[in-house]
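Text of the file run29.txt, holding compact mmCIF, C-alpha atoms:
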```
# COMPACT_ATOMS: atom_id res chain seq x y z
CA MET A 133 -9.74 -2.88 3.38
CA GLU A 134 -8.18 0.60 3.60
CA ARG A 135 -9.40 2.24 6.78
CA LYS A 136 -8.09 5.71 6.05
CA TRP A 137 -10.05 8.29 4.14
CA SER A 138 -8.46 9.10 0.75
CA GLY A 139 -8.96 12.86 1.06
CA LYS A 140 -11.24 13.01 -1.96
CA THR A 141 -14.93 13.71 -1.97
CA GLN A 142 -17.17 11.44 -4.04
CA GLY A 143 -17.97 12.37 -7.62
CA GLY A 144 -15.53 13.17 -10.43
CA THR A 145 -14.98 16.53 -12.09
CA PHE A 146 -17.18 15.65 -15.08
CA GLY A 147 -20.01 14.61 -12.78
CA GLN A 148 -19.69 17.79 -10.75
CA LYS A 149 -19.68 20.00 -13.86
CA SER A 150 -22.74 18.21 -15.22
CA VAL A 151 -24.67 18.70 -12.00
CA LEU A 152 -23.68 22.36 -11.85
CA PHE A 153 -24.83 22.86 -15.43
CA TYR A 154 -28.17 21.21 -14.60
CA PHE A 155 -28.79 23.63 -11.75
CA LYS A 156 -28.50 26.66 -13.99
CA TYR A 157 -31.95 25.71 -15.34
CA GLY A 158 -33.26 22.59 -13.57
CA SER A 159 -35.26 22.27 -10.39
CA LEU A 160 -34.17 20.59 -7.20
CA ARG A 161 -37.37 18.54 -6.85
CA LEU A 162 -37.00 17.01 -10.31
CA ILE A 163 -33.43 15.92 -9.68
CA TYR A 164 -34.47 14.49 -6.30
CA LEU A 165 -36.94 12.32 -8.21
CA ILE A 166 -34.23 11.16 -10.60
CA LEU A 167 -32.01 10.47 -7.60
CA TYR A 168 -34.76 8.35 -6.04
CA LEU A 169 -34.80 6.18 -9.15
CA VAL A 170 -31.02 5.91 -9.37
CA ILE A 171 -30.31 4.93 -5.76
CA PRO A 172 -31.24 1.20 -6.17
CA PHE A 173 -28.54 0.89 -8.85
CA TYR A 174 -26.05 2.70 -6.64
CA LEU A 175 -26.80 0.23 -3.88
CA ILE A 176 -26.01 -2.63 -6.25
CA PHE A 177 -22.67 -1.26 -7.43
CA ASP A 178 -21.23 0.45 -4.33
CA LYS A 179 -20.42 -2.86 -2.63
CA LYS A 180 -17.83 -1.46 -0.23
CA GLY A 181 -20.00 1.44 0.90
CA VAL A 182 -23.06 -0.76 1.29
CA ARG A 183 -21.09 -3.32 3.31
CA VAL A 184 -19.81 -0.79 5.85
CA THR A 185 -23.16 0.99 6.07
CA LYS A 186 -24.92 -2.32 6.74
CA TRP A 187 -22.44 -3.01 9.53
CA TYR A 188 -23.06 0.47 10.97
CA ALA A 189 -26.85 0.03 10.83
CA LEU A 190 -26.83 -3.40 12.44
CA ASN A 191 -24.12 -2.91 15.06
CA CYS A 192 -24.17 0.79 15.90
CA ILE A 193 -27.79 1.81 15.41
CA GLY A 194 -29.40 -1.53 16.25
CA ILE A 195 -31.50 -1.74 13.09
CA LYS A 196 -33.26 -5.08 12.69
CA PRO A 197 -32.17 -7.05 9.59
CA LYS A 198 -35.67 -6.78 8.11
CA HIS A 199 -35.36 -2.96 8.11
CA LEU A 200 -31.87 -2.94 6.63
CA ARG A 201 -32.89 -2.22 3.05
CA LYS A 202 -34.96 0.76 4.17
CA ILE A 203 -32.14 2.41 6.13
CA LEU A 204 -29.61 1.72 3.37
CA PHE A 205 -31.89 3.41 0.88
CA GLN A 206 -32.44 6.35 3.25
CA VAL A 207 -28.71 6.85 3.92
CA TYR A 208 -27.83 6.81 0.24
CA TYR A 209 -30.82 8.91 -0.78
CA ASN A 210 -30.03 11.49 1.89
CA PHE A 211 -26.37 11.48 0.91
CA GLY A 212 -27.37 12.08 -2.70
CA GLN A 213 -29.49 15.01 -1.54
CA VAL A 214 -26.52 16.46 0.37
CA PHE A 215 -24.48 16.34 -2.82
CA LEU A 216 -27.30 17.90 -4.86
CA ASP A 217 -28.13 20.58 -2.27
CA ARG A 218 -24.52 21.67 -2.25
CA PHE A 219 -24.43 21.96 -6.03
CA ALA A 220 -27.89 23.55 -6.20
CA LEU A 221 -26.40 26.34 -4.14
CA LEU A 222 -23.14 26.55 -6.05
CA GLY A 223 -24.75 26.22 -9.49
CA ASN A 224 -27.52 28.74 -8.93
CA PRO A 225 -27.38 31.23 -6.04
CA LYS A 226 -31.17 31.77 -6.40
CA ASN A 227 -31.68 28.45 -4.66
CA LYS A 228 -32.36 29.32 -1.03
CA PHE A 229 -32.20 27.08 2.02
CA ASN A 230 -33.58 27.80 5.47
CA PHE A 231 -31.59 27.27 8.64
CA SER A 232 -32.75 27.21 12.25
CA ILE A 233 -30.04 27.35 14.90
CA GLU A 234 -30.13 25.34 18.11
CA ASN A 235 -28.16 26.94 20.97
CA GLU A 236 -27.52 30.12 18.98
CA THR A 237 -26.60 32.09 22.14
CA ALA A 238 -23.47 30.00 22.67
CA PHE A 239 -22.40 30.64 19.10
CA GLN A 240 -23.15 34.35 19.37
CA GLN A 241 -20.99 34.57 22.51
CA LEU A 242 -18.06 33.14 20.60
CA LEU A 243 -18.66 35.55 17.72
CA ASN A 244 -18.69 38.48 20.13
CA GLN A 245 -15.29 37.55 21.58
CA GLU A 246 -12.20 39.18 20.19
CA LYS A 247 -10.47 35.81 20.22
CA GLY A 248 -10.56 33.42 17.29
CA PHE A 249 -12.06 29.98 17.72
CA LEU A 250 -12.26 26.54 16.18
CA ILE A 251 -15.35 24.83 14.76
CA VAL A 252 -15.28 21.06 14.47
CA SER A 253 -17.90 19.31 12.40
CA ALA A 254 -18.41 15.87 10.84
CA HIS A 255 -19.60 14.04 7.74
CA VAL A 256 -23.11 13.91 9.10
CA GLY A 257 -25.98 15.92 7.65
CA ASN A 258 -24.54 18.61 5.41
CA PHE A 259 -21.46 20.15 7.00
CA GLU A 260 -20.56 21.75 3.67
CA LEU A 261 -23.50 24.11 4.13
CA LEU A 262 -22.12 25.32 7.45
CA SER A 263 -20.35 28.26 5.81
CA TYR A 264 -23.54 29.20 3.97
CA SER A 265 -25.74 28.85 7.05
CA MET A 266 -23.75 31.37 9.03
CA GLY A 267 -24.90 34.32 6.92
CA LYS A 268 -23.00 37.57 7.17
CA ILE A 269 -20.67 37.68 10.18
CA ASP A 270 -17.89 40.03 11.21
CA LYS A 271 -15.28 37.33 11.71
CA THR A 272 -13.66 35.65 8.72
CA LEU A 273 -14.45 31.96 8.42
CA ARG A 274 -11.42 29.88 7.39
CA PRO A 275 -12.63 26.36 6.53
CA ILE A 276 -9.79 23.87 6.17
CA LEU A 277 -10.11 21.99 2.89
CA PHE A 278 -8.15 18.93 1.90
CA GLY A 279 -6.01 19.28 -1.22
CA GLY A 280 -7.70 16.24 -2.78
CA GLU A 281 -10.96 18.10 -3.39
CA ALA A 282 -11.82 18.64 -7.03
CA GLU A 283 -10.50 21.95 -8.35
CA VAL A 284 -13.79 22.92 -9.99
CA PHE A 285 -15.54 22.73 -6.65
CA LYS A 286 -12.98 24.98 -5.00
CA GLU A 287 -13.18 27.57 -7.78
CA LEU A 288 -16.96 27.70 -7.64
CA ARG A 289 -17.00 27.85 -3.91
CA ASN A 290 -14.66 30.81 -4.10
CA THR A 291 -17.10 32.46 -6.50
CA ILE A 292 -20.23 31.83 -4.49
CA PHE A 293 -18.65 32.85 -1.22
CA LYS A 294 -16.77 35.84 -2.52
CA ASP A 295 -19.19 38.28 -0.89
CA LYS A 296 -18.96 36.55 2.46
CA ASN A 297 -16.06 36.59 4.90
CA ILE A 298 -14.90 33.15 3.87
CA ASP A 299 -11.33 32.33 3.00
CA PRO A 300 -10.47 28.61 2.79
CA ILE A 301 -7.18 27.19 4.06
CA ILE A 302 -5.92 24.33 1.87
CA LEU A 303 -4.23 21.48 3.73
CA ASP A 304 -1.66 20.51 1.10
CA GLU A 305 2.03 19.73 0.71
CA THR A 306 3.13 23.38 0.53
CA GLY A 307 2.76 23.68 4.31
CA SER A 308 1.41 27.25 4.15
CA TYR A 309 -1.63 26.06 6.11
CA ILE A 310 0.60 25.78 9.22
CA PHE A 311 1.01 29.53 9.29
CA ASP A 312 -2.47 30.31 7.98
CA ILE A 313 -4.20 28.37 10.78
CA ASN A 314 -2.02 29.96 13.40
CA SER A 315 -2.39 33.52 12.15
CA ALA A 316 -6.14 33.09 11.55
CA LEU A 317 -6.75 32.11 15.16
CA MET A 318 -4.43 34.83 16.45
CA ASN A 319 -6.27 37.41 14.30
CA GLY A 320 -9.63 36.46 15.80
CA ASP A 321 -10.92 34.44 12.83
CA ILE A 322 -12.85 31.17 12.85
CA VAL A 323 -11.09 28.02 11.66
CA SER A 324 -13.38 25.10 10.84
CA MET A 325 -12.82 21.49 9.85
CA PRO A 326 -14.53 18.11 10.11
CA ALA A 327 -12.98 16.05 12.93
CA ASP A 328 -14.25 12.59 12.08
CA ARG A 329 -11.83 11.47 9.38
CA ILE A 330 -8.14 10.57 9.47
CA LEU A 331 -6.16 11.57 6.41
CA GLY A 332 -2.72 9.99 5.87
CA ASN A 333 -0.74 9.52 9.07
CA MET A 334 -2.71 11.96 11.20
CA LYS A 335 -2.40 11.39 14.94
CA HIS A 336 -5.53 10.02 16.47
CA PHE A 337 -7.20 8.89 19.66
CA THR A 338 -9.35 5.79 20.09
CA VAL A 339 -12.70 5.90 21.86
CA ASP A 340 -15.97 4.04 22.08
CA PHE A 341 -18.30 5.51 19.50
CA LEU A 342 -21.80 4.08 19.21
CA GLY A 343 -20.65 1.03 21.17
CA HIS A 344 -17.53 0.20 19.17
CA LYS A 345 -13.93 1.44 19.10
CA ALA A 346 -13.16 4.06 16.49
CA ASN A 347 -10.26 6.42 15.77
CA PHE A 348 -10.65 10.18 15.55
CA PRO A 349 -8.01 12.73 14.53
CA LEU A 350 -6.34 14.50 17.45
CA GLY A 351 -4.70 17.42 15.64
CA VAL A 352 -7.49 19.98 15.76
CA PHE A 353 -8.04 19.41 19.49
CA GLN A 354 -4.28 19.66 20.08
CA ILE A 355 -4.33 23.05 18.33
CA ALA A 356 -7.16 24.22 20.61
CA ALA A 357 -5.19 23.09 23.66
CA THR A 358 -1.82 24.51 22.60
CA LEU A 359 -3.17 27.85 21.41
CA ASN A 360 -5.76 27.92 24.19
CA VAL A 361 -8.56 28.93 21.83
CA PRO A 362 -12.25 28.07 22.27
CA ILE A 363 -13.62 25.15 20.30
CA VAL A 364 -17.21 24.32 19.40
CA ALA A 365 -18.83 21.38 17.61
CA ILE A 366 -21.36 22.49 14.98
CA PHE A 367 -23.40 20.09 12.88
CA VAL A 368 -25.88 20.85 10.11
CA VAL A 369 -28.67 18.28 9.65
CA LYS A 370 -31.41 18.19 7.06
CA GLU A 371 -34.93 18.32 8.48
CA SER A 372 -37.02 18.58 5.33
CA TYR A 373 -36.84 19.66 1.67
CA LYS A 374 -34.98 22.99 2.03
CA ASN A 375 -34.87 23.20 5.81
CA PHE A 376 -31.80 22.53 7.89
CA LYS A 377 -31.01 22.67 11.57
CA VAL A 378 -27.64 23.96 12.79
CA ILE A 379 -26.75 22.39 16.14
CA VAL A 380 -24.17 24.20 18.27
CA ASN A 381 -22.39 22.20 21.00
CA PRO A 382 -19.76 24.09 23.04
CA ILE A 383 -16.73 21.99 24.05
CA ASN A 384 -15.23 22.98 27.40
CA PHE A 385 -11.70 22.96 28.78
CA ILE A 386 -12.37 20.92 31.91
CA GLU A 387 -8.84 20.10 33.15
CA GLU A 388 -6.90 23.36 33.06
CA ASN A 389 -3.88 21.93 34.91
CA GLN A 390 -3.32 18.97 32.62
CA SER A 391 -0.72 18.76 29.85
CA ASN A 392 -1.81 19.85 26.38
CA PRO A 393 -2.00 16.30 24.95
CA ILE A 394 -4.35 15.27 27.78
CA LYS A 395 -6.44 18.42 27.37
CA ALA A 396 -6.66 17.67 23.64
CA LYS A 397 -7.93 14.14 24.25
CA LEU A 398 -10.53 15.42 26.73
CA LEU A 399 -11.75 17.97 24.19
CA GLY A 400 -11.86 15.24 21.55
CA GLN A 401 -13.88 12.95 23.80
CA GLN A 402 -16.50 15.67 24.31
CA TYR A 403 -16.72 16.14 20.55
CA VAL A 404 -17.26 12.40 20.09
CA LYS A 405 -20.06 12.43 22.69
CA HIS A 406 -21.82 15.27 20.86
CA LEU A 407 -21.38 13.43 17.57
CA GLU A 408 -22.73 10.22 19.08
CA THR A 409 -25.87 12.00 20.33
CA LEU A 410 -26.36 13.55 16.91
CA VAL A 411 -25.98 10.28 14.99
CA GLN A 412 -28.41 8.54 17.36
CA LYS A 413 -30.98 11.23 16.55
CA HIS A 414 -30.26 11.25 12.81
CA PRO A 415 -28.95 7.76 11.97
CA ASN A 416 -29.79 8.08 8.28
CA GLN A 417 -27.55 11.14 7.85
CA TRP A 418 -24.25 9.34 8.53
CA TYR A 419 -22.00 9.51 5.48
CA ASN A 420 -18.71 7.76 6.18
CA PHE A 421 -18.67 5.09 3.48
CA TYR A 422 -15.43 3.39 4.49
CA PRO A 423 -14.54 1.12 7.45
CA PHE A 424 -14.88 3.70 10.19
CA TRP A 425 -14.79 1.37 13.21
CA ASN A 426 -11.72 -0.66 14.14
CA GLU A 427 -13.71 -3.90 14.02
CA GLN A 428 -14.55 -3.23 10.37
CA GLY A 429 -10.87 -3.24 9.37
CA MET B 190 22.45 29.80 23.52
CA GLU B 191 24.42 26.56 23.41
CA ARG B 192 23.39 23.86 20.95
CA SER B 193 22.98 21.39 23.81
CA GLU B 194 20.43 23.70 25.42
CA VAL B 195 18.49 24.05 22.16
CA ILE B 196 18.45 20.26 21.85
CA LYS B 197 17.27 19.84 25.43
CA ILE B 198 14.40 22.36 25.13
CA THR B 199 13.35 21.08 21.69
CA ASN B 200 13.39 17.41 22.71
CA ASN B 201 11.50 18.24 25.86
CA PHE B 202 8.59 19.90 24.05
CA LEU B 203 8.53 17.23 21.35
CA ILE B 204 8.13 14.58 24.06
CA GLU B 205 5.78 16.49 26.35
CA GLU B 206 3.60 18.40 23.89
CA ILE B 207 3.75 16.49 20.62
CA GLU B 208 4.08 13.06 22.25
CA VAL B 209 7.10 11.97 20.21
CA GLU B 210 8.82 8.86 21.62
CA GLU B 211 12.17 9.73 23.23
CA ASN B 212 14.04 6.87 21.57
CA VAL B 213 13.42 8.22 18.05
CA LEU B 214 14.94 11.65 18.75
CA THR B 215 18.14 11.52 16.71
CA GLU B 216 19.81 14.16 14.55
CA GLU B 217 19.09 12.13 11.40
CA ALA B 218 15.42 11.51 12.21
CA LYS B 219 13.06 12.96 9.59
CA LEU B 220 10.39 15.16 11.17
CA LYS B 221 7.44 13.60 9.35
CA GLU B 222 8.45 10.05 8.60
CA ASP B 223 10.53 9.16 11.68
CA LEU B 224 9.13 11.40 14.40
CA GLY B 225 5.56 11.07 13.17
CA ILE B 226 4.89 14.80 13.34
CA ASP B 227 1.71 15.15 11.29
CA SER B 228 0.32 18.03 9.28
CA LEU B 229 -1.58 19.65 12.16
CA ASP B 230 1.23 19.04 14.71
CA PHE B 231 3.30 21.59 12.82
CA VAL B 232 0.80 24.28 13.79
CA ASP B 233 1.57 23.50 17.44
CA VAL B 234 5.33 23.34 16.79
CA VAL B 235 5.29 26.88 15.37
CA VAL B 236 3.48 28.18 18.46
CA ILE B 237 5.69 26.29 20.92
CA VAL B 238 8.92 27.43 19.24
CA GLU B 239 7.75 31.03 19.54
CA ARG B 240 6.91 30.49 23.21
CA GLU B 241 10.16 28.65 24.07
CA PHE B 242 12.68 30.52 21.92
CA GLY B 243 10.99 33.87 21.34
CA PHE B 244 10.99 34.03 17.53
CA LYS B 245 8.45 33.36 14.80
CA ILE B 246 9.15 30.63 12.29
CA LYS B 247 8.83 31.89 8.71
CA PRO B 248 7.35 29.51 6.11
CA GLU B 249 10.15 30.02 3.58
CA GLU B 250 12.81 29.27 6.19
CA MET B 251 11.26 25.92 7.09
CA ALA B 252 11.41 24.62 3.50
CA GLU B 253 14.92 23.20 3.96
CA VAL B 254 14.29 21.74 7.41
CA LYS B 255 13.82 18.00 6.92
CA THR B 256 15.53 16.31 9.87
CA LEU B 257 15.64 16.98 13.57
CA GLY B 258 19.31 18.00 13.19
CA ASP B 259 18.26 20.60 10.58
CA PHE B 260 15.63 21.81 13.02
CA TYR B 261 18.16 22.25 15.86
CA ASN B 262 20.47 24.12 13.48
CA TYR B 263 17.64 26.36 12.30
CA ILE B 264 16.74 27.28 15.86
CA MET B 265 20.44 27.90 16.64
CA THR B 266 20.74 30.40 13.78
CA LYS B 267 17.60 32.22 14.91
CA VAL B 268 18.37 32.46 18.63
CA ASN B 269 21.99 33.47 18.18
```

Could you quickly redo this structure as structure tokens?
Amino acid sequence: MERKWSGKTQGGTFGQKSVLFYFKYGSLRLIYLILYLVIPFYLIFDKKGVRVTKWYALNCIGIKPKHLRKILFQVYYNFGQVFLDRFALLGNPKNKFNFSIENETAFQQLLNQEKGFLIVSAHVGNFELLSYSMGKIDKTLRPILFGGEAEVFKELRNTIFKDKNIDPIILDETGSYIFDINSALMNGDIVSMPADRILGNMKHFTVDFLGHKANFPLGVFQIAATLNVPIVAIFVVKESYKNFKVIVNPINFIEENQSNPIKAKLLGQQYVKHLETLVQKHPNQWYNFYPFWNEQG
Amino acid sequence: MERSEVIKITNNFLIEEIEVEENVLTEEAKLKEDLGIDSLDFVDVVVIVEREFGFKIKPEEMAEVKTLGDFYNYIMTKVN
């Protein structure tokens, strides 16, 4: 089974447009109800996703086999909500979500610095809402998006975020991102990207994650080390209907005298530890539906 | 600057900072396919070149740089 992520988010363009159209008039609660009814069918047909999620639940979270169906339902239902929440926001800006921030002081300190910094996140909770949760800030947020994302999503995101200091960097074949990332960090902006998926031939490091070996991309940590810019792990998890928690975890340069590749790996290992703690607290908000662990390959 | 010096500095940072294997560093080696320099590594390469050679790489100038030999030549034209 292919262990690399394809670079595309789930859901085709038609599906995305339909959901966006719904949110012009429809309510979030009603579509949650529909989702609840649809999930059992999804569990029947998404054999690959169900297989890897079962493995994750049994081997990484220690779920007993008799509770497997419950956690599978929760993971898929929560993932559906993530998808819908995102489009509720994009389709109708009147939809409001509430965010509480854990360790806000650390984040504020980074915002107050003249220097740019890196935010690493993951496909846990709803990292797509990170940009939205930050409200109005002085620094420009430059989320790195993969070229495989559906065009309609990018266009709408540009529309909804046009009043905020958000300017995505597209990681595509043109290579302009190389200079955009560099100049953004040098200009004091914030560059953000998830650091839990390997796209194409990205360099990676291997670590124990939830008790089993897994690969994580090294590039973003290498950039932090080479450019000597601060890096912070930020995750957004759903707590209830429209309430989210933003968790800020600073990542520290602990070996100043080491080479940049070693510094990068040490930064990456800290990120993985933060991610591990988060997933243990919120096991039903883990959304990597492909063979994430080496043993699953 | 002599070409041999450019090669020495470039190879050194590719080995030390980008962790490219020494035995694949040939003039014909393609940067992505043969050296394994990935999309985000290039961000580091731009910064390191500026630090080591004192000039900024321009996006349009890198379009024709495919192999390590092209990369040496590009640096040569910029530093001289």

Can you pull out the residues contacting Leu203 (chain B)? Cut-off 12 Å, using all atoms listed in the file, and skip same-chain residues under 2 positions away; I want them as a PDB file with C-alpha atoms, in the coordinates of the input.
```pdb
ATOM      1  CA  ASN A 392      -1.810  19.850  26.380  1.00  0.00           C
ATOM      2  CA  PRO A 393      -2.000  16.300  24.950  1.00  0.00           C
TER       3      PRO A 393
ATOM      4  CA  ILE B 196      18.450  20.260  21.850  1.00  0.00           C
ATOM      5  CA  LYS B 197      17.270  19.840  25.430  1.00  0.00           C
ATOM      6  CA  ILE B 198      14.400  22.360  25.130  1.00  0.00           C
ATOM      7  CA  THR B 199      13.350  21.080  21.690  1.00  0.00           C
ATOM      8  CA  ASN B 200      13.390  17.410  22.710  1.00  0.00           C
ATOM      9  CA  ASN B 201      11.500  18.240  25.860  1.00  0.00           C
ATOM     10  CA  GLU B 205       5.780  16.490  26.350  1.00  0.00           C
ATOM     11  CA  GLU B 206       3.600  18.400  23.890  1.00  0.00           C
ATOM     12  CA  ILE B 207       3.750  16.490  20.620  1.00  0.00           C
ATOM     13  CA  GLU B 208       4.080  13.060  22.250  1.00  0.00           C
ATOM     14  CA  VAL B 209       7.100  11.970  20.210  1.00  0.00           C
ATOM     15  CA  GLU B 210       8.820   8.860  21.620  1.00  0.00           C
ATOM     16  CA  GLU B 211      12.170   9.730  23.230  1.00  0.00           C
ATOM     17  CA  ASN B 212      14.040   6.870  21.570  1.00  0.00           C
ATOM     18  CA  VAL B 213      13.420   8.220  18.050  1.00  0.00           C
ATOM     19  CA  LEU B 214      14.940  11.650  18.750  1.00  0.00           C
ATOM     20  CA  LEU B 220      10.390  15.160  11.170  1.00  0.00           C
ATOM     21  CA  LEU B 224       9.130  11.400  14.400  1.00  0.00           C
ATOM     22  CA  GLY B 225       5.560  11.070  13.170  1.00  0.00           C
ATOM     23  CA  ILE B 226       4.890  14.800  13.340  1.00  0.00           C
ATOM     24  CA  ASP B 230       1.230  19.040  14.710  1.00  0.00           C
ATOM     25  CA  PHE B 231       3.300  21.590  12.820  1.00  0.00           C
ATOM     26  CA  ASP B 233       1.570  23.500  17.440  1.00  0.00           C
ATOM     27  CA  VAL B 234       5.330  23.340  16.790  1.00  0.00           C
ATOM     28  CA  VAL B 235       5.290  26.880  15.370  1.00  0.00           C
ATOM     29  CA  ILE B 237       5.690  26.290  20.920  1.00  0.00           C
ATOM     30  CA  VAL B 238       8.920  27.430  19.240  1.00  0.00           C
ATOM     31  CA  GLU B 241      10.160  28.650  24.070  1.00  0.00           C
ATOM     32  CA  LEU B 257      15.640  16.980  13.570  1.00  0.00           C
ATOM     33  CA  PHE B 260      15.630  21.810  13.020  1.00  0.00           C
TER      34      PHE B 260
END
```

For CA of Ala220 (chain A) and CA of Phe259 (chain A), the interatomic separation in Å (one decimal): 15.1 Å

Residues of chain A within 8 Å of chain B, counting all atoms listed in the file, as a list of chain:residue names: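 Within 8 Å of chain B on chain A, we get A:Leu303, A:Gly307, A:Ser308, A:Ile310, A:Phe311, A:Ile313, A:Asn314, A:Asn333, A:Met334, A:Lys335, A:Gly351, A:Val352, A:Gln354, A:Ile355, A:Thr358, A:Leu359, A:Ser391, A:Asn392, A:Pro393.
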
Mind dumping the selected residues with C-alpha atoms as a CSV table (one decimal), in the frame of the given file?
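selection-v5.csv was written with the following content:
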```
chain,number,residue,atom,x,y,z
A,303,LEU,CA,-4.2,21.5,3.7
A,307,GLY,CA,2.8,23.7,4.3
A,308,SER,CA,1.4,27.2,4.2
A,310,ILE,CA,0.6,25.8,9.2
A,311,PHE,CA,1.0,29.5,9.3
A,313,ILE,CA,-4.2,28.4,10.8
A,314,ASN,CA,-2.0,30.0,13.4
A,333,ASN,CA,-0.7,9.5,9.1
A,334,MET,CA,-2.7,12.0,11.2
A,335,LYS,CA,-2.4,11.4,14.9
A,351,GLY,CA,-4.7,17.4,15.6
A,352,VAL,CA,-7.5,20.0,15.8
A,354,GLN,CA,-4.3,19.7,20.1
A,355,ILE,CA,-4.3,23.0,18.3
A,358,THR,CA,-1.8,24.5,22.6
A,359,LEU,CA,-3.2,27.8,21.4
A,391,SER,CA,-0.7,18.8,29.8
A,392,ASN,CA,-1.8,19.8,26.4
A,393,PRO,CA,-2.0,16.3,25.0
```

Atom-to-atom span, CA of Gly400 (chain A) and CA of Phe278 (chain A), Å: 20.3 Å

Shell of 8 Å around Phe205 (chain A), only C-alpha atoms, local chain residues under 3 positions omitted, as a list in words: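 Residues near the query, excluding close chain neighbours: Ile171, Pro172, Leu175, Arg201, Lys202, Tyr208 and Tyr209 of chain A.
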
Polymer residues at most 9 Å from region 227-244 of chain A, only C-alpha atoms, same-chain spacing of 3 or more positions, as a list in words: Leu160, Asp217, Ala220, Leu221, Leu222, Gly223, Asn224, Lys247, Gly248, Phe249, Ser265, Met266, Ile269, Asp270, Lys271, Ile322, Pro362, Val364, Val368, Tyr373, Lys374, Asn375, Phe376, Lys377, Val378, Ile379, Val380, Asn381 and Pro382 of chain A

Surrounding residues of Gly258 (chain B) excluding itself and chain neighbours under 6 positions, 8 Å, only C-alpha atoms, as a PyMOL selection string: chain B and resi 215-218

Store the residues picked out above in a file with C-alpha atoms, as a short mmCIF file (atom, residue, chain, number, x, y, z; two decimals), in the frame of the given file.
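Everything below was put into selection.cif:
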```cif
data_model
loop_
_atom_site.label_atom_id
_atom_site.label_comp_id
_atom_site.auth_asym_id
_atom_site.auth_seq_id
_atom_site.Cartn_x
_atom_site.Cartn_y
_atom_site.Cartn_z
CA THR B 215 18.14 11.52 16.71
CA GLU B 216 19.81 14.16 14.55
CA GLU B 217 19.09 12.13 11.40
CA ALA B 218 15.42 11.51 12.21
#
```

Add whatever atoms are absent from region 190-204 of chain A to reach N, CA and C atoms, and provide the output as a PDB file, in the coordinates of the input.
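Generated output (result.pdb):
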```pdb
ATOM      1  N   LEU A 190     -26.545  -2.245  11.584  1.00  0.00           N
ATOM      2  CA  LEU A 190     -26.830  -3.400  12.440  1.00  0.00           C
ATOM      3  C   LEU A 190     -26.170  -3.286  13.810  1.00  0.00           C
ATOM      4  N   ASN A 191     -24.897  -2.864  13.820  1.00  0.00           N
ATOM      5  CA  ASN A 191     -24.120  -2.910  15.060  1.00  0.00           C
ATOM      6  C   ASN A 191     -24.110  -1.619  15.859  1.00  0.00           C
ATOM      7  N   CYS A 192     -24.274  -0.493  15.195  1.00  0.00           N
ATOM      8  CA  CYS A 192     -24.170   0.790  15.900  1.00  0.00           C
ATOM      9  C   CYS A 192     -25.545   1.396  16.175  1.00  0.00           C
ATOM     10  N   ILE A 193     -26.472   1.190  15.277  1.00  0.00           N
ATOM     11  CA  ILE A 193     -27.790   1.810  15.410  1.00  0.00           C
ATOM     12  C   ILE A 193     -28.817   0.792  15.905  1.00  0.00           C
ATOM     13  N   GLY A 194     -28.484  -0.485  15.773  1.00  0.00           N
ATOM     14  CA  GLY A 194     -29.400  -1.530  16.250  1.00  0.00           C
ATOM     15  C   GLY A 194     -30.601  -1.725  15.347  1.00  0.00           C
ATOM     16  N   ILE A 195     -30.408  -1.508  14.055  1.00  0.00           N
ATOM     17  CA  ILE A 195     -31.500  -1.740  13.090  1.00  0.00           C
ATOM     18  C   ILE A 195     -31.727  -3.246  12.940  1.00  0.00           C
ATOM     19  N   LYS A 196     -32.969  -3.655  12.897  1.00  0.00           N
ATOM     20  CA  LYS A 196     -33.260  -5.080  12.690  1.00  0.00           C
ATOM     21  C   LYS A 196     -32.995  -5.427  11.217  1.00  0.00           C
ATOM     22  N   PRO A 197     -32.498  -6.661  10.970  1.00  0.00           N
ATOM     23  CA  PRO A 197     -32.170  -7.050   9.590  1.00  0.00           C
ATOM     24  C   PRO A 197     -33.318  -6.806   8.598  1.00  0.00           C
ATOM     25  N   LYS A 198     -34.557  -6.971   9.061  1.00  0.00           N
ATOM     26  CA  LYS A 198     -35.670  -6.780   8.110  1.00  0.00           C
ATOM     27  C   LYS A 198     -35.831  -5.307   7.679  1.00  0.00           C
ATOM     28  N   HIS A 199     -35.259  -4.377   8.466  1.00  0.00           N
ATOM     29  CA  HIS A 199     -35.360  -2.960   8.110  1.00  0.00           C
ATOM     30  C   HIS A 199     -34.089  -2.426   7.419  1.00  0.00           C
ATOM     31  N   LEU A 200     -33.169  -3.338   7.161  1.00  0.00           N
ATOM     32  CA  LEU A 200     -31.870  -2.940   6.630  1.00  0.00           C
ATOM     33  C   LEU A 200     -31.969  -2.232   5.279  1.00  0.00           C
ATOM     34  N   ARG A 201     -32.767  -2.788   4.381  1.00  0.00           N
ATOM     35  CA  ARG A 201     -32.890  -2.220   3.050  1.00  0.00           C
ATOM     36  C   ARG A 201     -33.407  -0.779   3.110  1.00  0.00           C
ATOM     37  N   LYS A 202     -34.358  -0.575   4.042  1.00  0.00           N
ATOM     38  CA  LYS A 202     -34.960   0.760   4.170  1.00  0.00           C
ATOM     39  C   LYS A 202     -33.910   1.786   4.610  1.00  0.00           C
ATOM     40  N   ILE A 203     -33.122   1.423   5.638  1.00  0.00           N
ATOM     41  CA  ILE A 203     -32.140   2.410   6.130  1.00  0.00           C
ATOM     42  C   ILE A 203     -31.032   2.622   5.116  1.00  0.00           C
ATOM     43  N   LEU A 204     -30.648   1.562   4.408  1.00  0.00           N
ATOM     44  CA  LEU A 204     -29.610   1.720   3.370  1.00  0.00           C
ATOM     45  C   LEU A 204     -30.082   2.699   2.310  1.00  0.00           C
TER      46      LEU A 204
END
```
